[in-house]
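**Student:** Shown below is the structure under consideration.
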Amino acid sequence: MKKFRYCGEAVLALFAVACIIFAVCGPQGQSTFEIMSAPFVSAGDFIRVISLGGNIAGGWCLYIFIGILPLIFPIVKTIIKRKVYFGWLLWVALCAYTFIMLYILINLHLLRNEIFTAQEEYNAVYLQAIVHGACIIWYALALLCVLFECAGLLKAKSGSSYVFAQIILYVIAALYIFLAFYGSVVAAANDIAAVNEATLGNINVPLNIFAAVFSVIMDVLPSVATVILLCICARFIRDLKRDNFSPERVYELNKIIALSKISIVVTLSATIINNIVQLALSKWLLNVGFSLTVSLSSLFVVCLVIIAAGVLKRAIEANEENKLTI
C-alpha cells in the first residue's frame with residue numbers, strides 16, 4: 001500500500017475547519033487570549049467553588065495535583081536515565097510558577113486594584129488582563145522547557161534534527177491557522193452580530209455582512225499563503241533527509257523561493273485591497289476596520305525561507321562543482 005504523504009497537510013486542513021466551526025458555533029466574543037487562558041481559569045474557579053462549598057481538603061489536593069503536573073516528565077526521564085540533569089531547574093521553575101499562578105486564579109480578590117474600587121467594570125478589565133498575562137507567561141515557560149528537551153534530543157541523535165524541523169514548521173503553520181481561521185472569523189462574527197442587533201434604521205445589513213466577510217478573506221489569504229509555504233518547506237526537509245546535495249534539490253529550492261515571493265505579494269496585496277474596500281464602503285458600514293500594518297511575522301518567516309533556500313542552493317551548486325573538479 002502506498003504511503004500517504006500528506007498527513008501533516010490533512011491534519012492542518014482539519015484543524016482549520018475545526019477553528020471555523022468553533023469560531024462560528026462556539027461562545028461569541030471570546031478572544032484568543034481567553035481561549036488560551038480558559039483551562040487555568042476553569043481550574044481556579046473549580047477549586048474555589050469546592051473549597052468554599054466546604055470541601056477544603058479536596059481543593060488542596062486538586063491544587064497540589066495540578067501544580068506538580070509539570071514535574072511528571074522530568075521525574076520519568078530521571079528514572080529512565082538514572083541521573084538528574086540540568087533541565088530539572090527549568091521544570092521546577094515551571095512547577096513553582098504553576099503553583100503561584102493557580103493560587104492567584106483561585107484568590108482573584110488579591111489582585112483587586114484600589115484605584116478601580118469605585119468602578120467595578122474597570123476592575124474586571126484589569127483582572128482579566130492580569131489573568132491573561134499570567135497564562136501567557138506560563139505558556140512561554142512551558143515552551144522553554146520543551147525547547148530545552150528538544151535541544152538535548154538533537155544533541156543525542158543528530159539525525160532527528162530533520163524530523164524536529166518538520167514538526168516546528170507544522171506547529172508554526174498551526175499557529176497561523178488558529179489566528180486566521182479562529183481569530184479573524186470570531187472578529188467577523190462579532191461584527192455581523194452587532195449589525196444584526198443594531199437598532200439604527202438606516203443600516204445596510206447585506207453590505208455590512210459583505211464587508212465583514214471580505215475582511216476575513218483578506219485576513220486569511222496571507223496566512224494561507226504562509227501555511228502553504230511552510231508545508232512545502234516541511235516536505236522539502238523530508239526529501240533533504242534522503243539526499244542533502246542532490247541536483248534535484250536545486251529545482252525544489254527555486255520553487256520555494258518563487259512561492260516565497262508570491263506569498264509576499266499576496267500579503268501586501270490583501271492588505272491594500274482590504275483597506276481600499278473598507279474606505280470605499282465606510283459611509284455605509286457600522287464597523288470600519290483598516291489594517292494599518294501588514295503581517296510582519298509572515299514577511300519575516302518568508303524572508304528567512306528565502307535566505308535559507310538561497311544559502312542551501314549555493315551549497316548544492318558548490319558541491320556539484322567540487323565533484324566535477326575532482
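Labels used: A, B, ... for chains in the order of the C-alpha cells, numbers from 1 for residues in each chain, and numbers from 1 for ligands as shown.
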What's the 10 Å shell around Gly133 (chain A), counting only C-alpha atoms, without same-chain residues fewer than 6 positions away, as a PyMOL selection string?
**Tutor:** chain A and resi 33+37+127
**Student:** Can I get the selection written as a PDB file, in the first residue's frame, with N, CA, C and O atoms?
**Tutor:**
```
ATOM      1  N   PHE A  33      -6.776  35.132  23.598  1.00  0.00           N
ATOM      2  CA  PHE A  33      -6.234  35.059  24.950  1.00  0.00           C
ATOM      3  C   PHE A  33      -7.195  34.336  25.897  1.00  0.00           C
ATOM      4  O   PHE A  33      -6.768  33.586  26.778  1.00  0.00           O
ATOM      5  N   SER A  37      -6.376  30.979  28.025  1.00  0.00           N
ATOM      6  CA  SER A  37      -6.439  31.056  29.487  1.00  0.00           C
ATOM      7  C   SER A  37      -7.536  30.194  30.085  1.00  0.00           C
ATOM      8  O   SER A  37      -7.538  29.963  31.303  1.00  0.00           O
ATOM      9  N   LEU A 127      -8.473  42.838  35.975  1.00  0.00           N
ATOM     10  CA  LEU A 127      -8.253  41.470  36.411  1.00  0.00           C
ATOM     11  C   LEU A 127      -8.120  40.523  35.218  1.00  0.00           C
ATOM     12  O   LEU A 127      -7.290  39.606  35.227  1.00  0.00           O
TER      13      LEU A 127
END
```
**Student:** Using only C-alpha atoms, which residue out of A:Ile177, A:Val266, A:Ala38, A:Ala188 lies closest to Glu9 (chain A)?
**Tutor:** A:Ile177
**Student:** Using only C-alpha atoms, which of the listed residues (A:Leu286, A:Leu279, A:Ala165, A:Glu149) sits closest to Asp191 (chain A)?
**Tutor:**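 Of A:Leu286, A:Leu279, A:Ala165, A:Glu149, the one nearest Asp191 (chain A) is A:Leu286, counting only C-alpha atoms.
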**Student:** Pick the closest to Val49 (chain A) from A:Leu105, A:Val17, A:Cys233, A:Leu221: which is it, counting only C-alpha atoms?
**Tutor:** A:Leu105
**Student:** Given the choices A:Ile56, A:Ile168, A:Ala212, A:Leu108, which gets closest to Leu147 (chain A) if the distance is worked out from only C-alpha atoms?
**Tutor:**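 Smallest distance to Leu147 (chain A) is found for A:Ile168.
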**Student:** Quote the spacing between CA of Val84 (chain A) and CA of Phe164 (chain A) in Å to one decimal place.
**Tutor:**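 According to the coordinates, CA of Val84 (chain A) and CA of Phe164 (chain A) are separated by 24.2 Å.
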**Student:** CA of Arg48 (chain A) to CA of Thr98 (chain A): how many Å, to one decimal?
**Tutor:**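 Value for the CA of Arg48 (chain A)-CA of Thr98 (chain A) distance: 16.0 Å.
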